[in-house]
$ cat input.cif   # mmCIF, N, CA and C atoms
data_final
loop_
_atom_site.label_atom_id
_atom_site.label_comp_id
_atom_site.auth_asym_id
_atom_site.auth_seq_id
_atom_site.Cartn_x
_atom_site.Cartn_y
_atom_site.Cartn_z
N GLN A 1 34.13 -21.45 3.18
CA GLN A 1 34.81 -22.54 3.85
C GLN A 1 36.28 -22.49 3.47
N GLN A 2 37.14 -22.81 4.43
CA GLN A 2 38.59 -22.68 4.25
C GLN A 2 39.26 -24.05 4.41
N LYS A 3 39.09 -24.94 3.44
CA LYS A 3 39.71 -26.27 3.53
C LYS A 3 41.23 -26.16 3.48
N GLY A 4 41.90 -26.95 4.31
CA GLY A 4 43.36 -26.94 4.35
C GLY A 4 43.94 -25.71 5.03
N LYS A 5 43.10 -24.97 5.71
CA LYS A 5 43.55 -23.75 6.38
C LYS A 5 43.42 -23.92 7.90
N SER A 6 44.26 -23.23 8.60
CA SER A 6 44.18 -23.15 10.06
C SER A 6 43.87 -21.70 10.42
N VAL A 7 43.50 -21.47 11.65
CA VAL A 7 43.21 -20.12 12.11
C VAL A 7 44.23 -19.73 13.17
N GLY A 8 44.84 -18.58 12.98
CA GLY A 8 45.72 -17.99 13.99
C GLY A 8 45.01 -16.79 14.56
N ALA A 9 45.08 -16.61 15.84
CA ALA A 9 44.38 -15.50 16.49
C ALA A 9 45.31 -14.79 17.46
N LEU A 10 45.02 -13.52 17.69
CA LEU A 10 45.78 -12.72 18.64
C LEU A 10 44.78 -11.88 19.43
N VAL A 11 44.93 -11.87 20.73
CA VAL A 11 44.10 -11.06 21.61
C VAL A 11 45.04 -10.20 22.44
N ALA A 12 44.72 -8.91 22.54
CA ALA A 12 45.58 -7.98 23.28
C ALA A 12 44.74 -7.15 24.24
N SER A 13 45.23 -7.00 25.47
CA SER A 13 44.54 -6.11 26.40
C SER A 13 44.94 -4.68 26.07
N LEU A 14 43.98 -3.77 26.20
CA LEU A 14 44.19 -2.38 25.84
C LEU A 14 44.37 -1.46 27.03
N ASN A 15 44.12 -1.97 28.23
CA ASN A 15 44.28 -1.12 29.42
C ASN A 15 44.95 -1.90 30.55
N LYS A 16 45.42 -1.15 31.55
CA LYS A 16 46.16 -1.77 32.66
C LYS A 16 45.30 -2.73 33.47
N GLU A 17 44.01 -2.48 33.51
CA GLU A 17 43.10 -3.34 34.27
C GLU A 17 42.76 -4.62 33.52
N ALA A 18 43.18 -4.70 32.25
CA ALA A 18 42.89 -5.85 31.38
C ALA A 18 41.39 -6.12 31.28
N THR A 19 40.63 -5.04 31.08
CA THR A 19 39.18 -5.16 30.94
C THR A 19 38.70 -4.80 29.54
N LYS A 20 39.58 -4.25 28.72
CA LYS A 20 39.25 -3.89 27.34
C LYS A 20 40.22 -4.63 26.43
N TYR A 21 39.70 -5.22 25.35
CA TYR A 21 40.51 -6.08 24.50
C TYR A 21 40.37 -5.75 23.02
N TYR A 22 41.41 -6.09 22.29
CA TYR A 22 41.40 -6.09 20.84
C TYR A 22 41.65 -7.53 20.42
N SER A 23 40.95 -8.01 19.40
CA SER A 23 41.22 -9.36 18.91
C SER A 23 41.16 -9.38 17.39
N THR A 24 41.89 -10.30 16.83
CA THR A 24 41.90 -10.50 15.39
C THR A 24 42.22 -11.96 15.10
N ALA A 25 41.77 -12.43 13.96
CA ALA A 25 42.05 -13.81 13.54
C ALA A 25 42.33 -13.82 12.05
N GLU A 26 43.19 -14.72 11.63
CA GLU A 26 43.57 -14.85 10.22
C GLU A 26 43.65 -16.32 9.84
N HIS A 27 43.21 -16.64 8.63
CA HIS A 27 43.39 -17.98 8.09
C HIS A 27 44.79 -18.08 7.48
N HIS A 28 45.39 -19.24 7.60
CA HIS A 28 46.69 -19.48 6.98
C HIS A 28 46.79 -20.94 6.61
N ASP A 29 47.65 -21.25 5.65
CA ASP A 29 47.86 -22.65 5.26
C ASP A 29 48.40 -23.43 6.44
N SER A 30 47.88 -24.61 6.66
CA SER A 30 48.32 -25.45 7.78
C SER A 30 49.81 -25.72 7.74
N ALA A 31 50.36 -25.86 6.55
CA ALA A 31 51.78 -26.18 6.42
C ALA A 31 52.64 -24.94 6.17
N GLY A 32 52.03 -23.77 6.09
CA GLY A 32 52.75 -22.56 5.71
C GLY A 32 53.35 -21.82 6.88
N ALA A 33 54.52 -22.26 7.34
CA ALA A 33 55.17 -21.65 8.50
C ALA A 33 55.51 -20.18 8.24
N GLN A 34 55.97 -19.84 7.05
CA GLN A 34 56.31 -18.46 6.74
C GLN A 34 55.06 -17.59 6.75
N GLU A 35 53.96 -18.14 6.27
CA GLU A 35 52.71 -17.39 6.26
C GLU A 35 52.26 -17.09 7.69
N ILE A 36 52.43 -18.06 8.61
CA ILE A 36 52.09 -17.84 10.02
C ILE A 36 52.93 -16.69 10.58
N THR A 37 54.22 -16.72 10.29
CA THR A 37 55.14 -15.69 10.76
C THR A 37 54.72 -14.31 10.26
N ASP A 38 54.40 -14.22 8.97
CA ASP A 38 53.98 -12.94 8.40
C ASP A 38 52.69 -12.44 9.03
N LYS A 39 51.75 -13.34 9.22
CA LYS A 39 50.44 -12.93 9.76
C LYS A 39 50.53 -12.55 11.23
N ILE A 40 51.38 -13.23 11.99
CA ILE A 40 51.48 -12.91 13.41
C ILE A 40 52.07 -11.51 13.60
N ALA A 41 53.01 -11.13 12.72
CA ALA A 41 53.59 -9.79 12.78
C ALA A 41 52.53 -8.75 12.40
N LEU A 42 51.74 -9.04 11.37
CA LEU A 42 50.66 -8.14 10.97
C LEU A 42 49.64 -7.97 12.09
N MET A 43 49.25 -9.08 12.72
CA MET A 43 48.28 -9.01 13.81
C MET A 43 48.82 -8.20 14.99
N MET A 44 50.12 -8.35 15.29
CA MET A 44 50.73 -7.56 16.36
C MET A 44 50.68 -6.07 16.02
N SER A 45 50.98 -5.72 14.79
CA SER A 45 50.92 -4.32 14.36
C SER A 45 49.51 -3.77 14.51
N GLN A 46 48.52 -4.56 14.13
CA GLN A 46 47.12 -4.14 14.27
C GLN A 46 46.77 -3.93 15.74
N ALA A 47 47.25 -4.81 16.60
CA ALA A 47 46.97 -4.70 18.03
C ALA A 47 47.63 -3.46 18.62
N LEU A 48 48.85 -3.16 18.19
CA LEU A 48 49.53 -1.95 18.68
C LEU A 48 48.82 -0.68 18.21
N LYS A 49 48.30 -0.69 16.99
CA LYS A 49 47.51 0.46 16.51
C LYS A 49 46.25 0.64 17.35
N ALA A 50 45.59 -0.46 17.68
CA ALA A 50 44.40 -0.40 18.52
C ALA A 50 44.75 0.12 19.91
N TYR A 51 45.88 -0.32 20.45
CA TYR A 51 46.33 0.14 21.76
C TYR A 51 46.57 1.65 21.73
N GLN A 52 47.25 2.11 20.69
CA GLN A 52 47.52 3.55 20.54
C GLN A 52 46.23 4.33 20.49
N LYS A 53 45.28 3.86 19.71
CA LYS A 53 44.00 4.56 19.56
C LYS A 53 43.26 4.64 20.89
N TYR A 54 43.26 3.56 21.63
CA TYR A 54 42.54 3.51 22.91
C TYR A 54 43.24 4.34 23.98
N ASN A 55 44.56 4.49 23.88
CA ASN A 55 45.36 5.14 24.93
C ASN A 55 45.96 6.48 24.50
N ASN A 56 45.23 7.25 23.71
CA ASN A 56 45.66 8.60 23.31
C ASN A 56 47.08 8.62 22.74
N ASN A 57 47.35 7.71 21.82
CA ASN A 57 48.62 7.62 21.10
C ASN A 57 49.78 7.08 21.94
N GLU A 58 49.52 6.60 23.14
CA GLU A 58 50.56 5.98 23.97
C GLU A 58 50.73 4.53 23.55
N LEU A 59 51.92 3.99 23.80
CA LEU A 59 52.22 2.59 23.55
C LEU A 59 52.61 1.90 24.84
N PRO A 60 52.47 0.59 24.91
CA PRO A 60 52.89 -0.11 26.13
C PRO A 60 54.41 -0.09 26.26
N SER A 61 54.91 -0.18 27.49
CA SER A 61 56.35 -0.25 27.69
C SER A 61 56.85 -1.70 27.63
N ARG A 62 55.93 -2.65 27.84
CA ARG A 62 56.28 -4.07 27.84
C ARG A 62 55.12 -4.86 27.29
N ILE A 63 55.45 -5.91 26.53
CA ILE A 63 54.44 -6.81 25.99
C ILE A 63 54.77 -8.23 26.44
N PHE A 64 53.77 -8.89 27.02
CA PHE A 64 53.88 -10.31 27.35
C PHE A 64 53.10 -11.06 26.28
N PHE A 65 53.78 -11.91 25.54
CA PHE A 65 53.18 -12.61 24.42
C PHE A 65 53.14 -14.09 24.76
N PHE A 66 51.93 -14.65 24.88
CA PHE A 66 51.75 -16.06 25.17
C PHE A 66 51.50 -16.79 23.86
N ARG A 67 52.34 -17.77 23.55
CA ARG A 67 52.24 -18.52 22.29
C ARG A 67 51.92 -19.97 22.61
N ASP A 68 50.83 -20.46 22.03
CA ASP A 68 50.41 -21.83 22.25
C ASP A 68 50.58 -22.63 20.96
N GLY A 69 50.52 -23.93 21.07
CA GLY A 69 50.55 -24.79 19.90
C GLY A 69 51.93 -25.01 19.32
N VAL A 70 52.96 -24.92 20.15
CA VAL A 70 54.33 -25.10 19.69
C VAL A 70 54.90 -26.37 20.35
N GLY A 71 55.27 -27.33 19.54
CA GLY A 71 55.90 -28.53 20.07
C GLY A 71 57.35 -28.26 20.43
N ASP A 72 57.93 -29.11 21.25
CA ASP A 72 59.33 -28.93 21.68
C ASP A 72 60.28 -28.80 20.49
N GLY A 73 60.05 -29.57 19.45
CA GLY A 73 60.92 -29.52 18.28
C GLY A 73 60.76 -28.26 17.45
N GLN A 74 59.66 -27.52 17.65
CA GLN A 74 59.40 -26.30 16.89
C GLN A 74 59.93 -25.04 17.57
N ILE A 75 60.34 -25.13 18.82
CA ILE A 75 60.76 -23.94 19.57
C ILE A 75 61.89 -23.18 18.88
N PRO A 76 62.96 -23.85 18.40
CA PRO A 76 64.01 -23.08 17.72
C PRO A 76 63.50 -22.34 16.48
N PHE A 77 62.61 -22.97 15.72
CA PHE A 77 62.05 -22.32 14.54
C PHE A 77 61.21 -21.11 14.93
N VAL A 78 60.36 -21.26 15.94
CA VAL A 78 59.52 -20.15 16.39
C VAL A 78 60.40 -19.00 16.89
N ALA A 79 61.46 -19.31 17.61
CA ALA A 79 62.38 -18.27 18.10
C ALA A 79 63.06 -17.55 16.95
N ALA A 80 63.46 -18.30 15.93
CA ALA A 80 64.20 -17.70 14.82
C ALA A 80 63.30 -16.93 13.86
N THR A 81 62.04 -17.29 13.77
CA THR A 81 61.17 -16.65 12.78
C THR A 81 60.09 -15.78 13.42
N GLU A 82 59.17 -16.40 14.14
CA GLU A 82 58.04 -15.65 14.69
C GLU A 82 58.47 -14.57 15.67
N ILE A 83 59.33 -14.93 16.59
CA ILE A 83 59.73 -13.96 17.61
C ILE A 83 60.52 -12.82 16.97
N GLU A 84 61.36 -13.13 16.00
CA GLU A 84 62.09 -12.07 15.29
C GLU A 84 61.12 -11.18 14.53
N ALA A 85 60.09 -11.76 13.91
CA ALA A 85 59.09 -10.97 13.19
C ALA A 85 58.31 -10.07 14.15
N LEU A 86 57.99 -10.60 15.33
CA LEU A 86 57.30 -9.79 16.34
C LEU A 86 58.17 -8.63 16.79
N LYS A 87 59.46 -8.90 17.02
CA LYS A 87 60.38 -7.83 17.43
C LYS A 87 60.43 -6.72 16.39
N LYS A 88 60.49 -7.09 15.11
CA LYS A 88 60.53 -6.09 14.04
C LYS A 88 59.24 -5.28 13.98
N ALA A 89 58.11 -5.97 14.13
CA ALA A 89 56.82 -5.28 14.09
C ALA A 89 56.71 -4.29 15.25
N ILE A 90 57.16 -4.70 16.42
CA ILE A 90 57.10 -3.84 17.61
C ILE A 90 58.07 -2.68 17.46
N ALA A 91 59.27 -2.95 16.96
CA ALA A 91 60.29 -1.90 16.79
C ALA A 91 59.84 -0.82 15.81
N ALA A 92 58.98 -1.18 14.86
CA ALA A 92 58.46 -0.18 13.91
C ALA A 92 57.63 0.88 14.63
N PHE A 93 57.07 0.52 15.78
CA PHE A 93 56.30 1.47 16.59
C PHE A 93 57.20 2.18 17.59
N ASN A 94 58.03 1.39 18.30
CA ASN A 94 58.95 1.93 19.30
C ASN A 94 59.95 0.84 19.66
N PRO A 95 61.21 1.02 19.31
CA PRO A 95 62.20 -0.02 19.60
C PRO A 95 62.46 -0.22 21.10
N GLY A 96 61.94 0.67 21.93
CA GLY A 96 62.15 0.56 23.37
C GLY A 96 61.15 -0.36 24.07
N ILE A 97 60.12 -0.81 23.36
CA ILE A 97 59.14 -1.71 23.97
C ILE A 97 59.79 -3.06 24.22
N LYS A 98 59.69 -3.54 25.45
CA LYS A 98 60.28 -4.83 25.82
C LYS A 98 59.27 -5.95 25.52
N LEU A 99 59.78 -7.07 25.00
CA LEU A 99 58.95 -8.21 24.65
C LEU A 99 59.36 -9.42 25.47
N THR A 100 58.39 -10.04 26.12
CA THR A 100 58.60 -11.31 26.83
C THR A 100 57.70 -12.32 26.16
N VAL A 101 58.27 -13.43 25.68
CA VAL A 101 57.50 -14.48 25.01
C VAL A 101 57.43 -15.69 25.93
N ILE A 102 56.22 -16.18 26.14
CA ILE A 102 55.99 -17.36 26.96
C ILE A 102 55.30 -18.39 26.08
N ILE A 103 55.96 -19.53 25.89
CA ILE A 103 55.38 -20.60 25.10
C ILE A 103 54.67 -21.55 26.06
N THR A 104 53.38 -21.73 25.85
CA THR A 104 52.59 -22.56 26.74
C THR A 104 52.35 -23.93 26.12
N SER A 105 52.19 -24.91 26.97
CA SER A 105 51.90 -26.25 26.50
C SER A 105 50.92 -26.90 27.45
N LYS A 106 49.82 -27.37 26.90
CA LYS A 106 48.81 -28.03 27.72
C LYS A 106 48.91 -29.55 27.63
N ARG A 107 49.62 -30.03 26.62
CA ARG A 107 49.73 -31.47 26.41
C ARG A 107 50.99 -32.00 27.08
N ILE A 108 50.88 -32.20 28.37
CA ILE A 108 52.02 -32.73 29.11
C ILE A 108 51.64 -34.07 29.72
N ASN A 109 52.63 -34.90 29.94
CA ASN A 109 52.38 -36.20 30.54
C ASN A 109 52.77 -36.25 32.01
N ALA A 110 53.37 -35.19 32.51
CA ALA A 110 53.80 -35.16 33.91
C ALA A 110 52.59 -35.06 34.83
N ARG A 111 52.63 -35.78 35.91
CA ARG A 111 51.58 -35.72 36.92
C ARG A 111 52.25 -35.50 38.27
N PHE A 112 51.70 -34.61 39.05
CA PHE A 112 52.29 -34.29 40.35
C PHE A 112 51.27 -34.57 41.44
N LEU A 113 51.71 -35.26 42.47
CA LEU A 113 50.85 -35.61 43.59
C LEU A 113 51.55 -35.27 44.90
N VAL A 114 50.76 -35.04 45.93
CA VAL A 114 51.30 -34.77 47.26
C VAL A 114 50.61 -35.71 48.25
N PRO A 115 51.30 -36.04 49.34
CA PRO A 115 50.65 -36.90 50.34
C PRO A 115 49.52 -36.17 51.03
N GLY A 116 48.43 -36.87 51.27
CA GLY A 116 47.31 -36.27 51.98
C GLY A 116 46.29 -37.31 52.41
N ALA A 117 45.90 -37.29 53.66
CA ALA A 117 44.87 -38.16 54.22
C ALA A 117 45.08 -39.64 53.85
N GLY A 118 46.32 -40.10 53.99
CA GLY A 118 46.61 -41.51 53.76
C GLY A 118 46.72 -41.91 52.30
N LYS A 119 46.61 -40.96 51.39
CA LYS A 119 46.75 -41.29 49.98
C LYS A 119 47.38 -40.10 49.24
N MET A 120 47.78 -40.33 48.02
CA MET A 120 48.35 -39.26 47.20
C MET A 120 47.20 -38.49 46.54
N ILE A 121 47.29 -37.16 46.61
CA ILE A 121 46.24 -36.31 46.05
C ILE A 121 46.87 -35.22 45.17
N ASN A 122 46.04 -34.55 44.40
CA ASN A 122 46.51 -33.44 43.58
C ASN A 122 46.99 -32.30 44.47
N PRO A 123 48.00 -31.56 44.05
CA PRO A 123 48.44 -30.40 44.82
C PRO A 123 47.38 -29.30 44.77
N ASN A 124 47.49 -28.34 45.67
CA ASN A 124 46.55 -27.22 45.71
C ASN A 124 46.60 -26.43 44.40
N SER A 125 45.48 -25.84 44.03
CA SER A 125 45.43 -24.98 42.85
C SER A 125 46.46 -23.87 42.99
N GLY A 126 47.12 -23.55 41.89
CA GLY A 126 48.12 -22.48 41.91
C GLY A 126 49.51 -22.94 42.28
N THR A 127 49.68 -24.23 42.57
CA THR A 127 51.01 -24.74 42.89
C THR A 127 51.93 -24.58 41.68
N VAL A 128 53.12 -24.06 41.91
CA VAL A 128 54.10 -23.88 40.84
C VAL A 128 55.28 -24.82 41.10
N ILE A 129 55.63 -25.59 40.09
CA ILE A 129 56.79 -26.49 40.17
C ILE A 129 57.80 -25.98 39.16
N ASP A 130 58.92 -25.47 39.66
CA ASP A 130 59.89 -24.83 38.77
C ASP A 130 61.32 -25.28 39.02
N ASP A 131 61.49 -26.43 39.65
CA ASP A 131 62.82 -26.91 39.96
C ASP A 131 62.83 -28.43 39.92
N VAL A 132 63.97 -29.01 39.81
CA VAL A 132 64.26 -30.44 39.83
C VAL A 132 63.73 -31.16 38.58
N VAL A 133 62.43 -31.11 38.30
CA VAL A 133 61.87 -31.85 37.16
C VAL A 133 61.74 -30.98 35.91
N THR A 134 62.19 -29.75 35.95
CA THR A 134 62.12 -28.87 34.80
C THR A 134 63.43 -28.93 34.01
N LEU A 135 63.39 -28.42 32.80
CA LEU A 135 64.59 -28.45 31.95
C LEU A 135 65.53 -27.32 32.33
N PRO A 136 66.80 -27.62 32.59
CA PRO A 136 67.74 -26.58 33.04
C PRO A 136 68.07 -25.56 31.95
N GLU A 137 67.89 -25.92 30.67
CA GLU A 137 68.23 -24.97 29.60
C GLU A 137 67.09 -24.00 29.27
N ARG A 138 65.96 -24.14 29.96
CA ARG A 138 64.82 -23.25 29.73
C ARG A 138 64.33 -22.67 31.06
N TYR A 139 63.61 -21.60 30.95
CA TYR A 139 62.92 -21.05 32.12
C TYR A 139 61.53 -21.65 32.14
N ASP A 140 61.42 -22.95 32.41
CA ASP A 140 60.11 -23.56 32.35
C ASP A 140 59.59 -23.91 33.74
N TYR A 141 58.28 -24.14 33.79
CA TYR A 141 57.62 -24.46 35.05
C TYR A 141 56.31 -25.16 34.76
N PHE A 142 55.78 -25.80 35.77
CA PHE A 142 54.46 -26.41 35.72
C PHE A 142 53.57 -25.67 36.70
N ILE A 143 52.34 -25.42 36.31
CA ILE A 143 51.41 -24.74 37.22
C ILE A 143 50.13 -25.52 37.31
#

$ encode --input "input.cif" --output "structure tokens"
Amino acid sequence: QQKGKSVGALVASLNKEATKYYSTAEHHDSAGAQEITDKIALMMSQALKAYQKYNNNELPSRIFFFRDGVGDGQIPFVAATEIEALKKAIAAFNPGIKLTVIITSKRINARFLVPGAGKMINPNSGTVIDDVVTLPERYDYFI
């Protein structure tokens, strides 16, 4: 049992079809931000090794990294620590690999409705809202 610990996990697709995966999980102190940063870099390195093994020593040209569990106030810290650690871990394999980081948030209070059949209803699945109500200093959107 791991009292006072949280679990960080990383899942990586190993092929273009995204049908084969590598996954890993690590315990870390709930309050240990530096420990999270260190472990996320280690997990990325492990995922890149798995990718190389599965793909005859080839590496991806681009990595899309989805990060969850980051509050608005934590974004500068994550950018300064975790993302920099990820860049270093990736550069150790190949500095030419491009990294795109997407911070996801499921805890939002915004609700979007559209007119329909005399009442307001939810928009169609897949609707993307990326203007007017989004923050101009970020590339953010609602889906």

$ closest_residue --input "input.cif" --among "A:Pro60, A:Pro136, A:Pro123, A:Pro76" --to "Gly96 in chain A" --atoms "only C-alpha atoms"
A:Pro60

$ atom_distance --input "input.cif" --atom1 "CA of Gln46 in chain A" --atom2 "atom N of Ser105 in chain A"
24.9 Å

$ resolve_selection --input "input.cif" --expression "the PyMOL selection byres ((chain A and resi 43) around 8)" --output "number ranges by chain"
A: 9-11, 23-26, 37-42, 44-49

$ resolve_selection --input "input.cif" --expression "the PyMOL selection byres (((chain A and resi 27 and name CA) around 8) and name CA)" --output "PyMOL selection string"
chain A and resi 2+5-8+25-26+28-29

$ atom_distance --input "input.cif" --atom1 "CA of Glu84 in chain A" --atom2 "CA of Lys20 in chain A"
27.1 Å

$ select_by_dssp --input "input.cif" --residues "chain A" --states "helix (DSSP H, G or I)" --output "PyMOL selection string"
chain A and resi 33-54+72-80+82-91

$ residues_near_point --input "input.cif" --point "(52.5, -15.1, 28.3)" --cutoff "7 Å" --atoms "all atoms listed in the file" --output "mmCIF file with N, CA and C atoms, keeping the file's coordinate frame"
data_model
loop_
_atom_site.group_PDB
_atom_site.id
_atom_site.type_symbol
_atom_site.label_atom_id
_atom_site.label_comp_id
_atom_site.auth_asym_id
_atom_site.auth_seq_id
_atom_site.Cartn_x
_atom_site.Cartn_y
_atom_site.Cartn_z
ATOM 1 N N PHE A 64 53.770 -8.890 27.020
ATOM 2 C CA PHE A 64 53.880 -10.310 27.350
ATOM 3 C C PHE A 64 53.100 -11.060 26.280
ATOM 4 N N PHE A 65 53.780 -11.910 25.540
ATOM 5 C CA PHE A 65 53.180 -12.610 24.420
ATOM 6 C C PHE A 65 53.140 -14.090 24.760
ATOM 7 N N PHE A 66 51.930 -14.650 24.880
ATOM 8 C CA PHE A 66 51.750 -16.060 25.170
ATOM 9 C C PHE A 66 51.500 -16.790 23.860
ATOM 10 N N ARG A 67 52.340 -17.770 23.550
ATOM 11 C CA ARG A 67 52.240 -18.520 22.290
ATOM 12 C C ARG A 67 51.920 -19.970 22.610
ATOM 13 N N THR A 100 58.390 -10.040 26.120
ATOM 14 C CA THR A 100 58.600 -11.310 26.830
ATOM 15 C C THR A 100 57.700 -12.320 26.160
ATOM 16 N N VAL A 101 58.270 -13.430 25.680
ATOM 17 C CA VAL A 101 57.500 -14.480 25.010
ATOM 18 C C VAL A 101 57.430 -15.690 25.930
ATOM 19 N N ILE A 102 56.220 -16.180 26.140
ATOM 20 C CA ILE A 102 55.990 -17.360 26.960
ATOM 21 C C ILE A 102 55.300 -18.390 26.080
ATOM 22 N N ILE A 103 55.960 -19.530 25.890
ATOM 23 C CA ILE A 103 55.380 -20.600 25.100
ATOM 24 C C ILE A 103 54.670 -21.550 26.060
#

$ atom_distance --input "input.cif" --atom1 "atom C of Phe93 in chain A" --atom2 "CA of Tyr21 in chain A"
19.9 Å

$ residues_around --input "input.cif" --residues "Lys106 in chain A" --least-positions-apart "2" --cutoff "9 Å" --atoms "only C-alpha atoms" --output "CSV table (one decimal) with N, CA and C atoms, in the frame of the given file"
chain,number,residue,atom,x,y,z
A,68,ASP,N,50.8,-20.5,22.0
A,68,ASP,CA,50.4,-21.8,22.2
A,68,ASP,C,50.6,-22.6,21.0
A,69,GLY,N,50.5,-23.9,21.1
A,69,GLY,CA,50.6,-24.8,19.9
A,69,GLY,C,51.9,-25.0,19.3
A,104,THR,N,53.4,-21.7,25.8
A,104,THR,CA,52.6,-22.6,26.7
A,104,THR,C,52.4,-23.9,26.1
A,108,ILE,N,50.9,-32.2,28.4
A,108,ILE,CA,52.0,-32.7,29.1
A,108,ILE,C,51.6,-34.1,29.7

$ select_by_dssp --input "input.cif" --residues "range 54-109 of chain A" --states "strand (DSSP E or B)" --output "list in words"
Arg62, Ile63, Phe64, Phe65, Phe66, Arg67, Lys98, Leu99, Thr100, Val101, Ile102 and Ile103 of chain A

$ residues_around --input "input.cif" --residues "Arg62 in chain A" --least-positions-apart "4" --cutoff "7 Å" --atoms "only C-alpha atoms" --output "list in words"
Ile97, Lys98 and Leu99 of chain A

$ decode --input "input.cif" --residues "range 47-61 of chain A" --atoms "N, CA, C and O atoms" --output "PDB file, in the first residue's frame"
ATOM      1  N   ALA A  47       9.270   4.864 -22.840  1.00  0.00           N
ATOM      2  CA  ALA A  47       8.349   4.758 -23.974  1.00  0.00           C
ATOM      3  C   ALA A  47       9.098   4.870 -25.299  1.00  0.00           C
ATOM      4  O   ALA A  47       8.796   4.148 -26.256  1.00  0.00           O
ATOM      5  N   LEU A  48      10.080   5.760 -25.367  1.00  0.00           N
ATOM      6  CA  LEU A  48      10.868   5.896 -26.596  1.00  0.00           C
ATOM      7  C   LEU A  48      11.701   4.643 -26.864  1.00  0.00           C
ATOM      8  O   LEU A  48      11.837   4.213 -28.016  1.00  0.00           O
ATOM      9  N   LYS A  49      12.221   4.019 -25.820  1.00  0.00           N
ATOM     10  CA  LYS A  49      12.949   2.752 -25.989  1.00  0.00           C
ATOM     11  C   LYS A  49      12.013   1.668 -26.520  1.00  0.00           C
ATOM     12  O   LYS A  49      12.383   0.894 -27.406  1.00  0.00           O
ATOM     13  N   ALA A  50      10.804   1.611 -25.993  1.00  0.00           N
ATOM     14  CA  ALA A  50       9.816   0.638 -26.466  1.00  0.00           C
ATOM     15  C   ALA A  50       9.458   0.902 -27.927  1.00  0.00           C
ATOM     16  O   ALA A  50       9.316  -0.031 -28.724  1.00  0.00           O
ATOM     17  N   TYR A  51       9.322   2.177 -28.284  1.00  0.00           N
ATOM     18  CA  TYR A  51       9.012   2.544 -29.669  1.00  0.00           C
ATOM     19  C   TYR A  51      10.141   2.084 -30.597  1.00  0.00           C
ATOM     20  O   TYR A  51       9.893   1.512 -31.648  1.00  0.00           O
ATOM     21  N   GLN A  52      11.375   2.345 -30.183  1.00  0.00           N
ATOM     22  CA  GLN A  52      12.534   1.924 -30.980  1.00  0.00           C
ATOM     23  C   GLN A  52      12.536   0.423 -31.173  1.00  0.00           C
ATOM     24  O   GLN A  52      12.759  -0.078 -32.278  1.00  0.00           O
ATOM     25  N   LYS A  53      12.304  -0.311 -30.110  1.00  0.00           N
ATOM     26  CA  LYS A  53      12.317  -1.775 -30.177  1.00  0.00           C
ATOM     27  C   LYS A  53      11.237  -2.290 -31.124  1.00  0.00           C
ATOM     28  O   LYS A  53      11.481  -3.180 -31.929  1.00  0.00           O
ATOM     29  N   TYR A  54      10.061  -1.714 -31.056  1.00  0.00           N
ATOM     30  CA  TYR A  54       8.935  -2.156 -31.892  1.00  0.00           C
ATOM     31  C   TYR A  54       9.134  -1.759 -33.356  1.00  0.00           C
ATOM     32  O   TYR A  54       8.652  -2.427 -34.250  1.00  0.00           O
ATOM     33  N   ASN A  55       9.860  -0.670 -33.603  1.00  0.00           N
ATOM     34  CA  ASN A  55       9.985  -0.108 -34.955  1.00  0.00           C
ATOM     35  C   ASN A  55      11.400  -0.228 -35.535  1.00  0.00           C
ATOM     36  O   ASN A  55      11.862   0.671 -36.241  1.00  0.00           O
ATOM     37  N   ASN A  56      12.084  -1.321 -35.250  1.00  0.00           N
ATOM     38  CA  ASN A  56      13.408  -1.591 -35.830  1.00  0.00           C
ATOM     39  C   ASN A  56      14.375  -0.418 -35.659  1.00  0.00           C
ATOM     40  O   ASN A  56      14.995   0.031 -36.610  1.00  0.00           O
ATOM     41  N   ASN A  57      14.447   0.098 -34.440  1.00  0.00           N
ATOM     42  CA  ASN A  57      15.368   1.167 -34.063  1.00  0.00           C
ATOM     43  C   ASN A  57      14.989   2.551 -34.604  1.00  0.00           C
ATOM     44  O   ASN A  57      15.755   3.493 -34.485  1.00  0.00           O
ATOM     45  N   GLU A  58      13.827   2.689 -35.202  1.00  0.00           N
ATOM     46  CA  GLU A  58      13.337   3.996 -35.665  1.00  0.00           C
ATOM     47  C   GLU A  58      12.703   4.736 -34.503  1.00  0.00           C
ATOM     48  O   GLU A  58      12.210   4.138 -33.551  1.00  0.00           O
ATOM     49  N   LEU A  59      12.699   6.068 -34.593  1.00  0.00           N
ATOM     50  CA  LEU A  59      12.049   6.917 -33.605  1.00  0.00           C
ATOM     51  C   LEU A  59      10.960   7.742 -34.273  1.00  0.00           C
ATOM     52  O   LEU A  59      11.011   7.976 -35.483  1.00  0.00           O
ATOM     53  N   PRO A  60       9.987   8.205 -33.511  1.00  0.00           N
ATOM     54  CA  PRO A  60       8.954   9.056 -34.120  1.00  0.00           C
ATOM     55  C   PRO A  60       9.533  10.412 -34.515  1.00  0.00           C
ATOM     56  O   PRO A  60      10.518  10.874 -33.930  1.00  0.00           O
ATOM     57  N   SER A  61       8.931  11.052 -35.500  1.00  0.00           N
ATOM     58  CA  SER A  61       9.373  12.393 -35.888  1.00  0.00           C
ATOM     59  C   SER A  61       8.659  13.462 -35.055  1.00  0.00           C
ATOM     60  O   SER A  61       9.136  14.577 -34.920  1.00  0.00           O
TER      61      SER A  61
END
